[in-house]
Amino acid sequence: MKKYRKKPVVIEAVQLDITNLPKVMEWCSGQYYSQPPMRTISGITIQTLEGQMIGQFGDWIIKGIKGEFYPCKDDIFQATYEPVED
């Protein structure tokens, strides 16, 4: 098998937390997500290219190169992405 390297691309992303929840929901057209039985808000649901996914507090919400949105766990995000100088 051949080996391949992921092409460097610049993406937009924000780490979801309770303080930025409304702003992130507006950005990615997300909706509140709560888990039973307490029904406390624990994140958002996002319509992705693969269907509806859940982004929980601490996850990164990423806008991909085609304008699509998807959640990413913090450890995967940290291993895959690095900040870009403006």
# chains A, B, ... in the order shown; residues from 1 in each chain; ligands from 1
$ residues_around --residues "Ala13 in chain A" --least-positions-apart "6" --cutoff "8 Å" --atoms "only C-alpha atoms" --output "PDB file with C-alpha atoms, in the first residue's frame"
ATOM      1  CA  TRP A  60     -14.542  21.550  18.224  1.00  0.00           C
ATOM      2  CA  ILE A  61     -17.045  22.585  15.571  1.00  0.00           C
ATOM      3  CA  ILE A  62     -15.268  22.709  12.221  1.00  0.00           C
ATOM      4  CA  LYS A  63     -16.289  24.384   8.980  1.00  0.00           C
TER       5      LYS A  63
END
$ residues_around --residues "Lys73 in chain A" --least-positions-apart "6" --cutoff "10 Å" --atoms "only C-alpha atoms" --output "compact mmCIF listing (two decimals) with C-alpha atoms, in the first residue's frame"
# COMPACT_ATOMS: atom_id res chain seq x y z
CA GLN A 15 -14.36 24.94 20.68
CA GLY A 55 -21.21 18.21 19.23
CA GLN A 56 -20.77 18.18 23.00
CA PHE A 57 -19.17 20.82 25.18
CA GLY A 58 -15.41 20.59 24.71
CA ASP A 59 -15.71 19.39 21.10
CA TRP A 60 -14.54 21.55 18.22
CA ILE A 61 -17.05 22.58 15.57
$ select_by_dssp --residues "chain A" --states "helix (DSSP H, G or I)" --output "PyMOL selection string"
chain A and resi 21-28+74-80
$ write_last_selection --atoms "C-alpha atoms" --output "PDB file, in the first residue's frame"
ATOM      1  CA  LEU A  21     -23.330  28.109  22.549  1.00  0.00           C
ATOM      2  CA  PRO A  22     -25.807  30.591  20.962  1.00  0.00           C
ATOM      3  CA  LYS A  23     -23.168  32.108  18.678  1.00  0.00           C
ATOM      4  CA  VAL A  24     -21.902  28.684  17.526  1.00  0.00           C
ATOM      5  CA  MET A  25     -25.468  27.470  16.942  1.00  0.00           C
ATOM      6  CA  GLU A  26     -26.116  30.465  14.701  1.00  0.00           C
ATOM      7  CA  TRP A  27     -22.817  29.938  12.845  1.00  0.00           C
ATOM      8  CA  CYS A  28     -23.444  26.282  11.982  1.00  0.00           C
ATOM      9  CA  ASP A  74     -10.608  17.778  21.332  1.00  0.00           C
ATOM     10  CA  ASP A  75      -7.850  15.135  21.321  1.00  0.00           C
ATOM     11  CA  ILE A  76      -8.309  14.472  17.594  1.00  0.00           C
ATOM     12  CA  PHE A  77      -8.446  18.202  16.844  1.00  0.00           C
ATOM     13  CA  GLN A  78      -5.226  18.847  18.805  1.00  0.00           C
ATOM     14  CA  ALA A  79      -3.439  16.010  16.976  1.00  0.00           C
ATOM     15  CA  THR A  80      -4.624  17.153  13.537  1.00  0.00           C
TER      16      THR A  80
END
$ closest_residue --among "A:Tyr70, A:Pro36, A:Val84, A:Gly30" --to "Thr48 in chain A" --atoms "only C-alpha atoms"
A:Tyr70
$ atom_distance --atom1 "CA of Met38 in chain A" --atom2 "CA of Gln52 in chain A"
22.0 Å
$ closest_residue --among "A:Leu49, A:Pro37, A:Asn20, A:Gly43" --to "Gly64 in chain A" --atoms "only C-alpha atoms"
A:Leu49
$ select_by_dssp --residues "chain A" --states "strand (DSSP E)" --output "number ranges by chain"
A: 12-15, 31-35, 40-48, 51-56, 60-63, 69-72
$ write_last_selection --atoms "C-alpha atoms" --output "mmCIF file, in the first residue's frame"
data_model
loop_
_atom_site.group_PDB
_atom_site.id
_atom_site.type_symbol
_atom_site.label_atom_id
_atom_site.label_comp_id
_atom_site.auth_asym_id
_atom_site.auth_seq_id
_atom_site.Cartn_x
_atom_site.Cartn_y
_atom_site.Cartn_z
ATOM 1 C CA GLU A 12 -12.463 27.650 10.605
ATOM 2 C CA ALA A 13 -13.159 26.097 14.007
ATOM 3 C CA VAL A 14 -14.379 26.971 17.478
ATOM 4 C CA GLN A 15 -14.363 24.942 20.684
ATOM 5 C CA GLN A 31 -29.823 23.085 17.555
ATOM 6 C CA TYR A 32 -29.746 22.471 21.295
ATOM 7 C CA TYR A 33 -28.953 18.916 22.358
ATOM 8 C CA SER A 34 -29.952 17.521 25.745
ATOM 9 C CA GLN A 35 -29.691 14.055 27.203
ATOM 10 C CA THR A 40 -29.828 19.654 30.608
ATOM 11 C CA ILE A 41 -28.235 21.097 27.498
ATOM 12 C CA SER A 42 -24.992 19.251 26.805
ATOM 13 C CA GLY A 43 -24.214 20.430 23.280
ATOM 14 C CA ILE A 44 -25.699 20.885 19.828
ATOM 15 C CA THR A 45 -26.866 18.782 16.924
ATOM 16 C CA ILE A 46 -25.390 19.626 13.523
ATOM 17 C CA GLN A 47 -26.498 18.553 10.083
ATOM 18 C CA THR A 48 -23.343 17.162 8.430
ATOM 19 C CA GLY A 51 -26.265 13.079 8.590
ATOM 20 C CA GLN A 52 -27.049 14.574 11.975
ATOM 21 C CA MET A 53 -24.187 14.539 14.501
ATOM 22 C CA ILE A 54 -23.831 15.703 18.098
ATOM 23 C CA GLY A 55 -21.214 18.205 19.234
ATOM 24 C CA GLN A 56 -20.768 18.177 23.001
ATOM 25 C CA TRP A 60 -14.542 21.550 18.224
ATOM 26 C CA ILE A 61 -17.045 22.585 15.571
ATOM 27 C CA ILE A 62 -15.268 22.709 12.221
ATOM 28 C CA LYS A 63 -16.289 24.384 8.980
ATOM 29 C CA PHE A 69 -19.852 21.636 9.426
ATOM 30 C CA TYR A 70 -18.963 18.758 11.699
ATOM 31 C CA PRO A 71 -17.909 18.159 15.322
ATOM 32 C CA CYS A 72 -14.462 16.881 16.310
#
$ decode --residues "range 51-86 of chain A" --atoms "N, CA and C atoms" --output "short mmCIF file (atom, residue, chain, number, x, y, z; two decimals), in the first residue's frame"
data_model
loop_
_atom_site.label_atom_id
_atom_site.label_comp_id
_atom_site.auth_asym_id
_atom_site.auth_seq_id
_atom_site.Cartn_x
_atom_site.Cartn_y
_atom_site.Cartn_z
N GLY A 51 -25.04 13.12 7.80
CA GLY A 51 -26.26 13.08 8.59
C GLY A 51 -26.11 13.91 9.85
N GLN A 52 -27.06 13.79 10.74
CA GLN A 52 -27.05 14.57 11.98
C GLN A 52 -26.02 14.02 12.96
N MET A 53 -25.19 14.93 13.51
CA MET A 53 -24.19 14.54 14.50
C MET A 53 -24.31 15.43 15.72
N ILE A 54 -23.78 14.97 16.84
CA ILE A 54 -23.83 15.70 18.10
C ILE A 54 -22.46 16.26 18.41
N GLY A 55 -22.42 17.56 18.72
CA GLY A 55 -21.21 18.21 19.23
C GLY A 55 -21.43 18.53 20.70
N GLN A 56 -20.62 17.95 21.57
CA GLN A 56 -20.77 18.18 23.00
C GLN A 56 -19.80 19.25 23.46
N PHE A 57 -20.06 19.81 24.65
CA PHE A 57 -19.17 20.82 25.18
C PHE A 57 -17.76 20.26 25.26
N GLY A 58 -16.79 21.03 24.77
CA GLY A 58 -15.41 20.59 24.71
C GLY A 58 -15.00 20.14 23.32
N ASP A 59 -15.98 19.75 22.49
CA ASP A 59 -15.71 19.39 21.10
C ASP A 59 -15.44 20.65 20.29
N TRP A 60 -14.76 20.47 19.18
CA TRP A 60 -14.54 21.55 18.22
C TRP A 60 -15.58 21.42 17.12
N ILE A 61 -16.15 22.55 16.71
CA ILE A 61 -17.05 22.58 15.57
C ILE A 61 -16.23 23.15 14.41
N ILE A 62 -16.14 22.37 13.35
CA ILE A 62 -15.27 22.71 12.22
C ILE A 62 -16.11 23.02 11.00
N LYS A 63 -15.71 24.08 10.29
CA LYS A 63 -16.29 24.38 8.98
C LYS A 63 -15.28 23.91 7.95
N GLY A 64 -15.66 22.93 7.17
CA GLY A 64 -14.75 22.32 6.21
C GLY A 64 -14.55 23.16 4.95
N ILE A 65 -13.76 22.64 4.05
CA ILE A 65 -13.37 23.40 2.86
C ILE A 65 -14.52 23.60 1.87
N LYS A 66 -15.57 22.83 2.01
CA LYS A 66 -16.74 22.99 1.14
C LYS A 66 -17.90 23.68 1.86
N GLY A 67 -17.61 24.26 3.05
CA GLY A 67 -18.64 24.95 3.81
C GLY A 67 -19.45 24.05 4.72
N GLU A 68 -19.09 22.78 4.78
CA GLU A 68 -19.81 21.83 5.63
C GLU A 68 -19.33 21.95 7.07
N PHE A 69 -20.19 21.59 8.01
CA PHE A 69 -19.85 21.64 9.43
C PHE A 69 -19.83 20.23 10.00
N TYR A 70 -18.99 20.03 10.98
CA TYR A 70 -18.96 18.76 11.70
C TYR A 70 -18.24 18.92 13.02
N PRO A 71 -18.59 18.11 14.03
CA PRO A 71 -17.91 18.16 15.32
C PRO A 71 -16.66 17.29 15.32
N CYS A 72 -15.72 17.63 16.19
CA CYS A 72 -14.46 16.88 16.31
C CYS A 72 -14.05 16.87 17.78
N LYS A 73 -13.74 15.71 18.32
CA LYS A 73 -13.29 15.61 19.71
C LYS A 73 -11.96 16.37 19.88
N ASP A 74 -11.77 16.93 21.07
CA ASP A 74 -10.61 17.78 21.33
C ASP A 74 -9.28 17.07 21.08
N ASP A 75 -9.14 15.82 21.50
CA ASP A 75 -7.85 15.14 21.32
C ASP A 75 -7.52 14.92 19.85
N ILE A 76 -8.52 14.63 19.04
CA ILE A 76 -8.31 14.47 17.59
C ILE A 76 -7.98 15.83 16.96
N PHE A 77 -8.70 16.86 17.37
CA PHE A 77 -8.45 18.20 16.84
C PHE A 77 -7.02 18.63 17.15
N GLN A 78 -6.57 18.44 18.40
CA GLN A 78 -5.23 18.85 18.81
C GLN A 78 -4.15 18.08 18.03
N ALA A 79 -4.41 16.83 17.71
CA ALA A 79 -3.44 16.01 16.98
C ALA A 79 -3.42 16.33 15.48
N THR A 80 -4.48 16.95 14.97
CA THR A 80 -4.62 17.15 13.54
C THR A 80 -4.39 18.60 13.09
N TYR A 81 -4.75 19.56 13.92
CA TYR A 81 -4.72 20.97 13.52
C TYR A 81 -3.77 21.78 14.39
N GLU A 82 -3.27 22.88 13.82
CA GLU A 82 -2.47 23.85 14.55
C GLU A 82 -2.92 25.24 14.15
N PRO A 83 -2.77 26.23 15.04
CA PRO A 83 -3.21 27.59 14.71
C PRO A 83 -2.48 28.16 13.50
N VAL A 84 -3.18 29.04 12.77
CA VAL A 84 -2.62 29.73 11.62
C VAL A 84 -2.50 31.20 11.97
N GLU A 85 -1.37 31.80 11.64
CA GLU A 85 -1.18 33.23 11.87
C GLU A 85 -2.06 34.00 10.88
N ASP A 86 -2.76 35.02 11.37
CA ASP A 86 -3.59 35.87 10.48
C ASP A 86 -2.74 36.82 9.67
#
